[in-house]
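Chemist: Got a structure for you, written out below as structure tokens; questions coming shortly.
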Amino acid sequence: MRVPAKVNLQLAVGPRREDGFHALVNVFHAVSLFDEVTVKAAPPRQSRALTELTAAGQSESHLARVPLDGSNLAARAATLLAEETGAGSPVDIHIDKRIPVAGGMAGGSADAAAALVACDRLWGCGLPRERLLELAARLGSDVAFGLVGDTAVGTGRGELLEPLASPGRFRWVFALSTRGLSTADVFGEYDRLRPDAPEPRLDAALEKALAGGGARALGRALSNDLQPAALSLLPELERTLEAGRSAGALGALVSGSGPTCAFLLGGGDEDPDEVAEREAGVVAALRSTGLCEQVVPADGDVPGSTVL
Ligand code: ATP
């Protein structure tokens, strides 16, 4: 399975709810930075574990943060499916990781979405899509989006998804930090900074920019309520954002809970040569900060989890 990372075009965060989650309006946009998740029937083994995991692909510092036990989101997806259907013979799951880990791009959620679809096929469960989406939502707020991809708005705690019309195709650059940020820590800092957050709403200017397909309007409409909290925990991100902005990015923001920073370079109606020139400038400026572990271009939007 191939499954994309996401960037949030808008992340509006409301007050903390009674169940501990925050009310969100979360505009997801799938980008061409993919994990590949392979699920195979396991050969007979001594342990009775349902899943055994291996991971490769990303840098050592990222791989070190990927758990290879039952807490891995891909393993949790397989376990949930087995519990719900009564199916479930042991599987080996291999994750070829390209999505930054703990980077605010929902890599773990993407792997969970891929494992859910792969195990559903391998075990012959044949669950209807609505049921898979429901299980995905139980695994985490971002998992359902890994199934659907493209551009969609999530409400509730982010898991109630509606597709958003977005005919344009956009070019992005992602600056991966050498450091990780815990999503829980960033929400905690958000609560400290914004104890009186208003109810979140979809930004009409963003919806209009997406429907129109223009990159400049989209760049102006990008927003992330978690950005001040991420910058408060990791102030160097402001230098990364400023480097990309000064080099001509049309929009710059922290992706989700960070620390990955996203830069919109162009797309839609823009001249491709101009976009390529802007990309070269932004990539060089980001590299010269010395703050980025990797600087990776990608396109969006792209489809969700796909069988290869
Ligand atoms: P989000 O944007 O959904 O908040 P994220 O992109 O910031 O998440 P992930 O890469 O999904 O972060 O990882 C967050 C944590 O989840 C990791 O630090 C790791 O401990 C755990 N984790 C569990 N399963 C996975 C997985 N398959 N890949 C990466 N991390 C995983």
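Naming scheme: A, B, ... for chains in displayed order of the structure tokens; residues 1 onward per chain; ligands 1 onward as shown.
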Check every protein, DNA and RNA residue against ligand 1, keep those with an atom at most 7 Å away (counting only C-alpha atoms and all ligand atoms), and present them as an MDAnalysis selection string.

Modeler: chainID A and resid 65:67 71:74 100:109 111:112 142 181:183 256:258

Chemist: Using only C-alpha atoms, determine which residues lie at most 12 Å from Ala247 in chain A, disregarding the query and same-chain residues fewer than 5 positions distant; provide the list as an MDAnalysis selection string.

Modeler: chainID A and resid 240:242 252 263:265 277:289

Chemist: Assign secondary structure with DSSP using the backbone only, and return the residues of range 109-190 of chain A in strand (DSSP E) as a VMD selection string.

Modeler: chain A and resid 151 to 155 160 to 163 170 to 177

Chemist: Take the residues that were just selected and, keeping C-alpha atoms, output them as a PDB file, in the first residue's frame.

Modeler:
ATOM      1  CA  THR A 151      -8.414  17.690   0.111  1.00  0.00           C
ATOM      2  CA  ALA A 152     -11.034  17.364   2.817  1.00  0.00           C
ATOM      3  CA  VAL A 153     -12.317  19.182   5.852  1.00  0.00           C
ATOM      4  CA  GLY A 154     -12.440  17.320   9.136  1.00  0.00           C
ATOM      5  CA  THR A 155     -14.709  18.435  11.964  1.00  0.00           C
ATOM      6  CA  LEU A 160     -15.766  13.624  10.386  1.00  0.00           C
ATOM      7  CA  LEU A 161     -14.629  14.156   6.826  1.00  0.00           C
ATOM      8  CA  GLU A 162     -16.174  15.999   3.891  1.00  0.00           C
ATOM      9  CA  PRO A 163     -14.332  16.368   0.586  1.00  0.00           C
ATOM     10  CA  PHE A 170       0.058  22.837  -5.970  1.00  0.00           C
ATOM     11  CA  ARG A 171       3.800  22.612  -5.450  1.00  0.00           C
ATOM     12  CA  TRP A 172       5.158  22.543  -1.890  1.00  0.00           C
ATOM     13  CA  VAL A 173       8.440  22.294  -0.060  1.00  0.00           C
ATOM     14  CA  PHE A 174       8.642  20.739   3.411  1.00  0.00           C
ATOM     15  CA  ALA A 175      11.403  21.566   5.861  1.00  0.00           C
ATOM     16  CA  LEU A 176      11.913  18.689   8.276  1.00  0.00           C
ATOM     17  CA  SER A 177      13.311  19.621  11.648  1.00  0.00           C
TER      18      SER A 177
END

Chemist: Which is closest to Glu36 in chain A among A:Gly213, A:Pro4, A:Pro15, A:Pro235, if we use only C-alpha atoms?

Modeler: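 Looking only at the distances to Glu36 in chain A, the closest residue turns out to be A:Pro4.
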
Chemist: Have a look at A:Glu84, A:Ala78, A:Phe145, A:Asp92 and name the one nearest to Glu52 in chain A; count only C-alpha atoms.

Modeler: A:Asp92

Chemist: Find the residues around Lys97 in chain A up to 8 Å (only C-alpha atoms counted), leave out those fewer than 6 positions away in its own chain, and share them as an MDAnalysis selection string.

Modeler: chainID A and resid 34:36 55:58 63

Chemist: Have a look at A:Ala262, A:His62, A:Ala118, A:Asp196 and name the one nearest to Leu308 in chain A; count only C-alpha atoms.

Modeler: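 Closest candidate: A:Ala118.
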
Chemist: Considering only C-alpha atoms, state which residue in the set A:Asp69, A:Pro200, A:Lys6, A:Val307 is at the smallest distance from Asp150 in chain A.

Modeler: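 Checking each candidate against Asp150 in chain A, we get A:Lys6 as the closest.
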
Chemist: Residues at most 7 Å from range 202-209 of chain A, counting only C-alpha atoms, excluding those fewer than 6 positions away in the same chain, as a PyMOL selection string?

Modeler: chain A and resi 25+217-218+221

Chemist: Write to file, as a compact mmCIF listing (two decimals), in the first residue's frame, the residues of the selection just made, with C-alpha atoms.

Modeler:
# COMPACT_ATOMS: atom_id res chain seq x y z
CA VAL A 25 -11.81 22.41 11.82
CA ALA A 217 -4.90 33.27 -2.88
CA LEU A 218 -4.24 29.89 -1.27
CA ALA A 221 -5.39 31.90 3.26

Chemist: If you measure from CA of Asp96 in chain A to CA of Ala144 in chain A, what distance in Å do you get, rounded to one decimal?

Modeler: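 Separating CA of Asp96 in chain A from CA of Ala144 in chain A is a distance of 20.2 Å.
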
Chemist: Within 12 Å of Leu231 in chain A, counting only C-alpha atoms, which residues show up once you throw out same-chain ones fewer than 6 positions away? Write them as a PyMOL selection string, please.

Modeler: chain A and resi 181+186+189-190+193+224-225+237-241+253-255+257-261

Chemist: Looking only at alpha helix (DSSP H) from DSSP on the backbone, list the matching residues of range 5-172 of chain A as a PyMOL selection string.

Modeler: chain A and resi 60-63+73-85+107-122+129-139+143-148

Chemist: Quick check, in Å to one decimal: how far apart do CA of Arg192 in chain A and CA of Ala229 in chain A lie?

Modeler: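 Taking CA of Arg192 in chain A and CA of Ala229 in chain A, their separation equals 8.7 Å.
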